[in-house]
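Structure file start19.tsv (TSV, C-alpha atoms) follows.
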```
chain	number	residue	atom	x	y	z
N	266	MET	CA	-0.65	-13.80	-35.73
N	267	ASP	CA	-0.84	-15.22	-32.21
N	268	PRO	CA	-2.71	-13.05	-29.70
N	269	LEU	CA	-0.24	-10.77	-27.93
N	270	HIS	CA	2.73	-12.31	-29.76
N	271	HIS	CA	4.50	-8.97	-29.66
N	272	ASP	CA	7.05	-7.39	-31.94
N	273	ALA	CA	10.58	-7.73	-30.59
N	274	SER	CA	11.60	-4.08	-31.08
N	275	PRO	CA	8.79	-1.55	-30.61
N	276	SER	CA	9.72	2.09	-31.17
N	277	SER	CA	8.56	5.46	-29.93
N	278	ALA	CA	6.12	5.51	-32.87
N	279	LEU	CA	3.91	3.22	-30.77
N	280	VAL	CA	3.21	6.02	-28.31
N	281	ASP	CA	3.61	9.02	-30.61
N	282	ARG	CA	0.78	8.10	-32.99
N	283	PRO	CA	-2.53	7.48	-31.20
N	284	VAL	CA	-4.98	5.20	-33.02
N	285	ARG	CA	-8.79	5.13	-33.19
N	286	PRO	CA	-10.62	2.89	-30.68
N	287	ASP	CA	-11.38	0.34	-33.42
N	288	GLU	CA	-7.64	0.01	-34.09
N	289	VAL	CA	-6.69	-0.77	-30.49
N	290	LEU	CA	-7.09	-4.55	-30.59
N	291	PRO	CA	-4.73	-5.30	-33.50
N	292	ARG	CA	-2.15	-2.80	-32.15
N	293	LEU	CA	-2.35	-4.39	-28.70
N	294	ALA	CA	-2.08	-7.89	-30.13
N	295	GLN	CA	1.00	-6.97	-32.15
N	296	HIS	CA	2.90	-4.77	-29.70
N	297	GLY	CA	1.36	-5.22	-26.25
N	298	ILE	CA	0.58	-1.50	-26.14
N	299	ALA	CA	-1.78	0.88	-27.93
N	300	VAL	CA	-2.16	4.63	-27.40
N	301	PHE	CA	-5.62	5.72	-28.52
N	302	ARG	CA	-7.63	8.90	-29.14
N	303	GLU	CA	-11.27	9.98	-29.51
N	304	ILE	CA	-12.64	8.72	-26.16
N	305	GLN	CA	-13.90	11.57	-24.00
N	306	ASN	CA	-15.42	10.06	-20.85
N	307	ALA	CA	-15.85	7.06	-18.59
N	308	ALA	CA	-18.72	5.66	-20.66
N	309	GLY	CA	-16.52	5.53	-23.75
N	310	LEU	CA	-13.70	3.93	-21.77
N	311	ILE	CA	-16.04	1.28	-20.38
N	312	ASN	CA	-17.27	0.49	-23.89
N	313	LEU	CA	-13.68	0.03	-25.07
N	314	ALA	CA	-12.90	-2.17	-22.07
N	315	HIS	CA	-15.87	-4.42	-22.81
N	316	THR	CA	-14.62	-5.00	-26.36
N	317	LEU	CA	-11.35	-6.31	-24.90
N	318	GLY	CA	-12.55	-8.43	-22.00
N	319	VAL	CA	-14.18	-8.56	-18.58
N	320	VAL	CA	-13.74	-5.55	-16.29
N	321	LEU	CA	-11.99	-6.41	-13.01
N	322	PRO	CA	-12.75	-4.73	-9.67
N	323	HIS	CA	-10.11	-2.68	-7.87
N	324	PRO	CA	-10.02	-1.54	-4.23
N	325	ASP	CA	-10.30	2.09	-5.40
N	326	SER	CA	-12.74	1.60	-8.30
N	327	ASP	CA	-16.44	2.42	-8.55
N	328	VAL	CA	-19.18	-0.11	-9.30
N	329	HIS	CA	-18.23	-0.03	-13.00
N	330	GLY	CA	-14.58	-0.88	-12.29
N	331	VAL	CA	-13.36	2.65	-13.04
N	332	THR	CA	-10.70	4.15	-10.77
N	333	VAL	CA	-10.26	7.93	-10.85
N	334	ILE	CA	-6.54	8.73	-10.57
N	335	ALA	CA	-6.08	12.33	-9.46
N	336	ALA	CA	-4.42	14.25	-6.65
N	337	ARG	CA	-6.29	13.84	-3.36
N	338	GLU	CA	-5.69	16.26	-0.55
N	339	ASP	CA	-6.44	13.52	1.97
N	340	SER	CA	-4.31	10.86	0.25
N	341	ALA	CA	-2.26	8.70	2.60
N	342	SER	CA	1.51	8.89	2.41
N	343	GLY	CA	3.72	6.16	1.00
N	344	ALA	CA	4.64	4.63	-2.34
N	345	LEU	CA	1.26	2.99	-2.88
N	346	ALA	CA	-0.55	6.33	-2.47
N	347	ALA	CA	1.73	8.16	-4.92
N	348	GLY	CA	-0.78	7.56	-7.70
N	349	PHE	CA	-3.19	9.91	-5.94
N	350	THR	CA	-0.70	12.76	-5.63
N	351	ARG	CA	1.07	15.06	-8.11
N	352	ALA	CA	4.38	13.27	-7.53
N	353	ALA	CA	6.17	11.17	-10.09
N	354	LEU	CA	5.15	7.52	-10.29
N	355	ALA	CA	7.97	5.10	-11.13
N	356	PRO	CA	7.39	2.52	-13.87
N	357	HIS	CA	5.61	-0.42	-12.30
N	358	THR	CA	3.31	-3.40	-12.73
N	359	ASP	CA	-0.23	-2.64	-11.65
N	360	ARG	CA	-1.14	-4.69	-8.56
N	361	ALA	CA	2.15	-6.58	-8.48
N	362	ASP	CA	1.29	-7.92	-5.02
N	363	VAL	CA	-1.75	-10.02	-6.00
N	364	PRO	CA	-1.56	-13.64	-7.22
N	365	ILE	CA	-2.36	-12.65	-10.83
N	366	PRO	CA	-2.10	-8.94	-11.69
N	367	PRO	CA	-4.70	-7.67	-14.20
N	368	PRO	CA	-3.50	-8.86	-17.61
N	369	VAL	CA	-4.62	-5.70	-19.41
N	370	LEU	CA	-4.94	-2.07	-18.28
N	371	VAL	CA	-6.87	0.74	-19.95
N	372	ASN	CA	-6.19	4.34	-18.93
N	373	LEU	CA	-7.85	7.50	-20.26
N	374	CYS	CA	-6.80	11.13	-19.75
N	375	THR	CA	-9.84	13.36	-19.15
N	376	VAL	CA	-8.00	16.42	-17.78
N	377	GLU	CA	-4.46	17.33	-18.84
N	378	ALA	CA	-1.88	18.61	-16.38
N	379	ASP	CA	-0.87	22.26	-16.64
N	380	ALA	CA	2.75	21.10	-16.82
N	381	GLY	CA	4.43	17.71	-16.57
N	382	GLY	CA	2.47	14.52	-16.04
N	383	GLU	CA	3.80	12.75	-19.13
N	384	SER	CA	3.03	9.02	-19.19
N	385	ILE	CA	6.02	6.69	-19.29
N	386	PHE	CA	6.19	3.13	-20.59
N	387	VAL	CA	8.84	0.42	-20.41
N	388	ASP	CA	8.81	-2.75	-22.51
N	389	GLY	CA	9.65	-5.62	-20.18
N	390	ALA	CA	10.57	-7.83	-23.11
N	391	ALA	CA	13.25	-5.35	-24.15
N	392	VAL	CA	14.54	-5.12	-20.57
N	393	HIS	CA	14.70	-8.92	-20.37
N	394	ARG	CA	16.69	-9.14	-23.62
N	395	LEU	CA	19.03	-6.39	-22.46
N	396	LEU	CA	19.74	-8.12	-19.15
N	397	ALA	CA	20.19	-11.48	-20.86
N	398	ALA	CA	22.82	-9.95	-23.13
N	399	GLN	CA	24.60	-7.57	-20.76
N	400	ALA	CA	23.91	-8.70	-17.18
N	401	PRO	CA	23.00	-12.41	-17.13
N	402	GLU	CA	23.94	-12.82	-13.46
N	403	ALA	CA	21.52	-10.03	-12.50
N	404	LEU	CA	18.79	-11.61	-14.62
N	405	CYS	CA	19.41	-14.96	-12.94
N	406	ALA	CA	19.11	-13.39	-9.48
N	407	LEU	CA	15.86	-11.64	-10.41
N	408	SER	CA	14.43	-14.91	-11.76
N	409	GLN	CA	14.88	-16.95	-8.57
N	410	PRO	CA	11.80	-18.16	-6.61
N	411	ASN	CA	12.77	-16.08	-3.57
N	412	ALA	CA	13.81	-12.91	-5.43
N	413	VAL	CA	11.19	-10.58	-3.93
N	414	ALA	CA	8.15	-10.30	-1.66
N	415	TYR	CA	5.60	-7.56	-2.40
N	416	GLY	CA	2.68	-6.38	-0.31
N	417	ARG	CA	1.39	-6.55	3.22
N	418	THR	CA	-2.08	-8.04	2.81
N	419	HIS	CA	-1.96	-9.63	-0.67
N	420	VAL	CA	1.62	-10.86	-0.45
N	421	TYR	CA	3.40	-12.12	-3.55
N	422	THR	CA	6.67	-13.97	-3.05
N	423	GLY	CA	8.56	-15.10	-6.12
N	424	PRO	CA	10.68	-13.98	-9.05
N	425	VAL	CA	10.62	-10.53	-10.63
N	426	PHE	CA	10.54	-12.30	-14.01
N	427	GLU	CA	7.90	-14.92	-13.24
N	428	PRO	CA	7.47	-17.97	-15.55
N	429	MET	CA	4.05	-18.63	-17.12
N	430	ASP	CA	2.73	-21.23	-19.58
N	431	ASN	CA	5.25	-23.85	-18.40
N	432	GLY	CA	8.10	-21.40	-18.85
N	433	ARG	CA	7.24	-20.38	-22.40
N	434	ARG	CA	6.42	-16.84	-21.31
N	435	LEU	CA	7.26	-14.53	-18.43
N	436	ARG	CA	5.32	-12.07	-16.31
N	437	LEU	CA	7.23	-9.00	-15.12
N	438	ARG	CA	6.41	-7.84	-11.58
N	439	ILE	CA	7.87	-4.53	-10.46
N	440	TRP	CA	6.69	-2.26	-7.68
N	441	PRO	CA	8.52	0.74	-6.20
N	442	TRP	CA	11.74	-0.62	-4.69
N	443	GLN	CA	10.81	0.47	-1.17
N	444	MET	CA	7.69	-1.73	-1.31
N	445	GLY	CA	9.68	-4.89	-2.04
N	446	ARG	CA	11.68	-7.15	0.26
N	447	PHE	CA	14.42	-8.55	-1.95
N	448	SER	CA	16.82	-11.43	-1.52
N	449	ARG	CA	20.45	-10.40	-1.15
N	450	ALA	CA	21.27	-11.45	-4.73
N	451	ALA	CA	18.20	-9.73	-6.19
N	452	GLU	CA	18.93	-6.54	-4.28
N	453	ALA	CA	22.44	-6.53	-5.73
N	454	ALA	CA	20.86	-6.82	-9.21
N	455	LEU	CA	18.55	-3.80	-8.87
N	456	ASP	CA	21.08	-1.33	-10.29
N	457	GLU	CA	21.32	-3.37	-13.49
N	458	LEU	CA	17.55	-3.68	-13.64
N	459	GLN	CA	17.14	0.07	-13.19
N	460	ARG	CA	19.65	0.77	-15.96
N	461	GLY	CA	17.66	-1.52	-18.24
N	462	ILE	CA	14.42	0.23	-17.37
N	463	VAL	CA	15.87	3.68	-18.02
N	464	ALA	CA	17.31	2.55	-21.34
N	465	GLN	CA	13.92	1.28	-22.54
N	466	THR	CA	11.68	4.11	-21.30
N	467	LEU	CA	9.24	5.75	-23.72
N	468	THR	CA	7.49	9.02	-22.81
N	469	VAL	CA	4.29	10.58	-24.17
N	470	ARG	CA	2.16	13.53	-23.11
N	471	LEU	CA	-1.50	12.56	-23.33
N	472	GLU	CA	-4.12	15.11	-24.24
N	473	ALA	CA	-7.67	14.96	-22.94
N	474	GLY	CA	-9.47	12.26	-24.90
N	475	GLN	CA	-6.32	10.17	-25.32
N	476	GLY	CA	-5.29	7.11	-23.37
N	477	TYR	CA	-3.53	3.78	-23.57
N	478	VAL	CA	-4.04	0.04	-23.31
N	479	ILE	CA	-1.13	-2.12	-22.17
N	480	ASP	CA	-0.30	-5.72	-21.51
N	481	ASN	CA	0.27	-5.32	-17.77
N	482	HIS	CA	2.26	-8.56	-17.62
N	483	ARG	CA	4.81	-7.17	-20.08
N	484	TRP	CA	4.76	-3.36	-20.03
N	485	LEU	CA	5.54	-1.14	-17.04
N	486	HIS	CA	3.76	2.20	-16.79
N	487	GLY	CA	4.18	5.34	-14.72
N	488	ARG	CA	4.24	9.13	-15.03
N	489	LEU	CA	6.30	12.24	-14.40
N	490	ALA	CA	5.44	14.72	-11.64
N	491	TYR	CA	2.97	17.38	-12.65
N	492	ILE	CA	1.35	20.72	-11.83
N	493	GLY	CA	-2.40	21.22	-12.08
N	494	ASP	CA	-5.42	18.96	-11.90
N	495	ARG	CA	-4.54	16.00	-14.13
N	496	VAL	CA	-7.24	13.29	-14.13
N	497	MET	CA	-6.89	9.76	-15.46
N	498	LEU	CA	-9.46	6.96	-15.49
N	499	ARG	CA	-8.23	3.40	-15.08
N	500	ILE	CA	-9.79	-0.04	-15.74
N	501	GLY	CA	-8.26	-3.49	-15.28
N	502	ILE	CA	-9.33	-6.20	-17.69
N	503	GLU	CA	-9.33	-9.98	-17.94
N	504	PRO	CA	-9.11	-10.30	-21.74
N	505	HIS	CA	-11.47	-12.36	-23.85
N	506	GLN	CA	-9.61	-15.61	-24.36
N	507	ARG	CA	-10.51	-15.81	-28.03
N	508	GLU	CA	-8.84	-12.46	-28.71
N	509	LEU	CA	-6.02	-11.97	-26.22
N	510	LEU	CA	-5.16	-15.45	-25.02
N	511	LYS	CA	-1.49	-15.04	-24.20
N	512	THR	CA	0.06	-12.20	-22.26
N	513	GLY	CA	3.49	-11.47	-20.92
N	514	ILE	CA	7.04	-11.67	-22.25
N	515	PRO	CA	7.97	-14.32	-24.83
N	516	ASN	CA	10.71	-16.28	-23.06
N	517	THR	CA	13.16	-16.64	-25.94
N	518	PRO	CA	16.83	-17.51	-25.32
```

Turn this file's structure into structure tokens for me.
Amino acid sequence: MDPLHHDASPSSALVDRPVRPDEVLPRLAQHGIAVFREIQNAAGLINLAHTLGVVLPHPDSDVHGVTVIAAREDSASGALAAGFTRAALAPHTDRADVPIPPPVLVNLCTVEADAGGESIFVDGAAVHRLLAAQAPEALCALSQPNAVAYGRTHVYTGPVFEPMDNGRRLRLRIWPWQMGRFSRAAEAALDELQRGIVAQTLTVRLEAGQGYVIDNHRWLHGRLAYIGDRVMLRIGIEPHQRELLKTGIPNTP
């Protein structure tokens, strides 16, 4: 099996049945996503991250690369700060504005929400196939070199479905719509893209000690609004090349 050569039709079973930490790598390689259990703290999450690759720094992370995602009373307003509130967080690509977003993300729940806060996942490969079959003009518009510009400091300008490996694979880049500046054709395609995202959304409520690993170049992630003091820990990873060489969406006709 090629690293991260994902199944074409993952089901809700991928998020409904958490696996042990030692089962994460084969699940990730096969499906691009793995929901895990039996990790209780940041030290355990860091150990898991080191088995997968090199930990990447983040503007909000500590010296170990761990970002604490929880509601902050002093959090700034805006779409980028929504992660540090109790509001819903739309499915997105982590750090879509940088030249190369982290290929792999690891997130751990350490404190459950009192209500709400379910994690949501969207398979970009399934969205791509759906658009290719049902809305090819929208897919074409979203694949153009000038489709979108994200960010203010680290600005990415390019397609939403970005070619990699000489066009053999694709990287999906989606941020909240209000953070993107779209071409006229791409903006007209957003309704079709949103319909595809909704159709492919999977939802899971994580308990404390459960988390997930995703191929950030293929899978979108987000959450529902919540009540309480939900706490997640996040790490971005550059995967070990010998284990997770290829990431993203297989670009099949």

All residues 10 Å or closer to Gln465 in chain N, only C-alpha atoms, same chain fewer than 4 positions away omitted, as a ChimeraX atom specification: /N:275-276,386-392,395,459-461

How about saving the chosen residues, C-alpha atoms kept, as a PDB file, keeping the file's coordinate frame?
```pdb
ATOM      1  CA  PRO N 275       8.790  -1.550 -30.610  1.00  0.00           C
ATOM      2  CA  SER N 276       9.720   2.090 -31.170  1.00  0.00           C
ATOM      3  CA  PHE N 386       6.190   3.130 -20.590  1.00  0.00           C
ATOM      4  CA  VAL N 387       8.840   0.420 -20.410  1.00  0.00           C
ATOM      5  CA  ASP N 388       8.810  -2.750 -22.510  1.00  0.00           C
ATOM      6  CA  GLY N 389       9.650  -5.620 -20.180  1.00  0.00           C
ATOM      7  CA  ALA N 390      10.570  -7.830 -23.110  1.00  0.00           C
ATOM      8  CA  ALA N 391      13.250  -5.350 -24.150  1.00  0.00           C
ATOM      9  CA  VAL N 392      14.540  -5.120 -20.570  1.00  0.00           C
ATOM     10  CA  LEU N 395      19.030  -6.390 -22.460  1.00  0.00           C
ATOM     11  CA  GLN N 459      17.140   0.070 -13.190  1.00  0.00           C
ATOM     12  CA  ARG N 460      19.650   0.770 -15.960  1.00  0.00           C
ATOM     13  CA  GLY N 461      17.660  -1.520 -18.240  1.00  0.00           C
TER      14      GLY N 461
END
```

For Leu404 in chain N: contacts at 9 Å, only C-alpha atoms, fewer than 4 positions along chain excluded, given as a list of chain:residue names: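 Those residues are N:His393, N:Leu396, N:Ala397, N:Ala400, N:Ser408, N:Gln409, N:Phe426, N:Ala451, N:Ala454, N:Glu457, N:Leu458.
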
d(CA of Leu467 in chain N, CA of Leu279 in chain N) in Å: 9.2 Å

Who sits within 9 Å of range 312-319 of chain N, only C-alpha atoms, same chain under 5 positions skipped, as a PyMOL selection string: chain N and resi 286-287+289-290+304+307+369-371+500-506+508-509

Pairwise distance for CA of Arg495 in chain N and CA of Ala473 in chain N, rounded to one decimal in Å: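 Going from CA of Arg495 in chain N over to CA of Ala473 in chain N, I get 9.4 Å.
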
Residue with smallest distance to Gly474 in chain N - pool N:Val425, N:Val420, N:Asp456, N:Met497, counting all atoms listed in the file: N:Met497

Shell of 6 Å around Phe301 in chain N, all atoms listed in the file, local chain residues under 4 positions omitted, as a list in words: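 These residues fall inside the cut-off: Pro283, Val284, Arg285, Gln475, Gly476 and Tyr477 of chain N.
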
List as an mmCIF file with C-alpha atoms, in the frame of the given file the protein and nucleic acid residues near Ala378 in chain N, meaning an atom at most 10 Å away when all atoms listed in the file are counted, but skip any in the same chain fewer than 5 places from it.
```cif
data_model
loop_
_atom_site.group_PDB
_atom_site.id
_atom_site.type_symbol
_atom_site.label_atom_id
_atom_site.label_comp_id
_atom_site.auth_asym_id
_atom_site.auth_seq_id
_atom_site.Cartn_x
_atom_site.Cartn_y
_atom_site.Cartn_z
ATOM 1 C CA ARG N 351 1.070 15.060 -8.110
ATOM 2 C CA GLU N 383 3.800 12.750 -19.130
ATOM 3 C CA ARG N 470 2.160 13.530 -23.110
ATOM 4 C CA LEU N 471 -1.500 12.560 -23.330
ATOM 5 C CA GLU N 472 -4.120 15.110 -24.240
ATOM 6 C CA ALA N 473 -7.670 14.960 -22.940
ATOM 7 C CA ALA N 490 5.440 14.720 -11.640
ATOM 8 C CA TYR N 491 2.970 17.380 -12.650
ATOM 9 C CA ILE N 492 1.350 20.720 -11.830
ATOM 10 C CA GLY N 493 -2.400 21.220 -12.080
ATOM 11 C CA ASP N 494 -5.420 18.960 -11.900
ATOM 12 C CA ARG N 495 -4.540 16.000 -14.130
ATOM 13 C CA VAL N 496 -7.240 13.290 -14.130
#
```

Given only C-alpha atoms as the counted atoms, nearest of N:Ile514, N:Pro324, N:Val333, N:Val478 to Glu288 in chain N: N:Val478

Distance in Å - CA of Asp362 in chain N versus CA of Trp440 in chain N: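 It comes out at 8.3 Å.
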
Residue nearest Gly382 in chain N among N:Leu498, N:Val280, N:Leu489, N:Cys405 (counting only C-alpha atoms):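 Comparing N:Leu498, N:Val280, N:Leu489, N:Cys405 against Gly382 in chain N, the winner is N:Leu489.
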
Protein and nucleic acid residues near (6.9, 9.3, -12.7) (cut-off 12 Å, all atoms listed in the file) as a PyMOL selection string: chain N and resi 344+347-348+350-357+381-387+441+463+466-469+485-491

I need the residues from that last selection saved to file as an mmCIF file, keeping the file's coordinate frame (with C-alpha atoms), if you can.
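What ended up in out.cif:
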```
data_model
loop_
_atom_site.group_PDB
_atom_site.id
_atom_site.type_symbol
_atom_site.label_atom_id
_atom_site.label_comp_id
_atom_site.auth_asym_id
_atom_site.auth_seq_id
_atom_site.Cartn_x
_atom_site.Cartn_y
_atom_site.Cartn_z
ATOM 1 C CA ALA N 344 4.640 4.630 -2.340
ATOM 2 C CA ALA N 347 1.730 8.160 -4.920
ATOM 3 C CA GLY N 348 -0.780 7.560 -7.700
ATOM 4 C CA THR N 350 -0.700 12.760 -5.630
ATOM 5 C CA ARG N 351 1.070 15.060 -8.110
ATOM 6 C CA ALA N 352 4.380 13.270 -7.530
ATOM 7 C CA ALA N 353 6.170 11.170 -10.090
ATOM 8 C CA LEU N 354 5.150 7.520 -10.290
ATOM 9 C CA ALA N 355 7.970 5.100 -11.130
ATOM 10 C CA PRO N 356 7.390 2.520 -13.870
ATOM 11 C CA HIS N 357 5.610 -0.420 -12.300
ATOM 12 C CA GLY N 381 4.430 17.710 -16.570
ATOM 13 C CA GLY N 382 2.470 14.520 -16.040
ATOM 14 C CA GLU N 383 3.800 12.750 -19.130
ATOM 15 C CA SER N 384 3.030 9.020 -19.190
ATOM 16 C CA ILE N 385 6.020 6.690 -19.290
ATOM 17 C CA PHE N 386 6.190 3.130 -20.590
ATOM 18 C CA VAL N 387 8.840 0.420 -20.410
ATOM 19 C CA PRO N 441 8.520 0.740 -6.200
ATOM 20 C CA VAL N 463 15.870 3.680 -18.020
ATOM 21 C CA THR N 466 11.680 4.110 -21.300
ATOM 22 C CA LEU N 467 9.240 5.750 -23.720
ATOM 23 C CA THR N 468 7.490 9.020 -22.810
ATOM 24 C CA VAL N 469 4.290 10.580 -24.170
ATOM 25 C CA LEU N 485 5.540 -1.140 -17.040
ATOM 26 C CA HIS N 486 3.760 2.200 -16.790
ATOM 27 C CA GLY N 487 4.180 5.340 -14.720
ATOM 28 C CA ARG N 488 4.240 9.130 -15.030
ATOM 29 C CA LEU N 489 6.300 12.240 -14.400
ATOM 30 C CA ALA N 490 5.440 14.720 -11.640
ATOM 31 C CA TYR N 491 2.970 17.380 -12.650
#
```

Among listed residues N:Arg394, N:Arg282, N:Arg483, N:His329, nearest Gly297 in chain N (using all atoms listed in the file):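 Going through N:Arg394, N:Arg282, N:Arg483, N:His329 one by one, the smallest distance to Gly297 in chain N is for N:Arg483.
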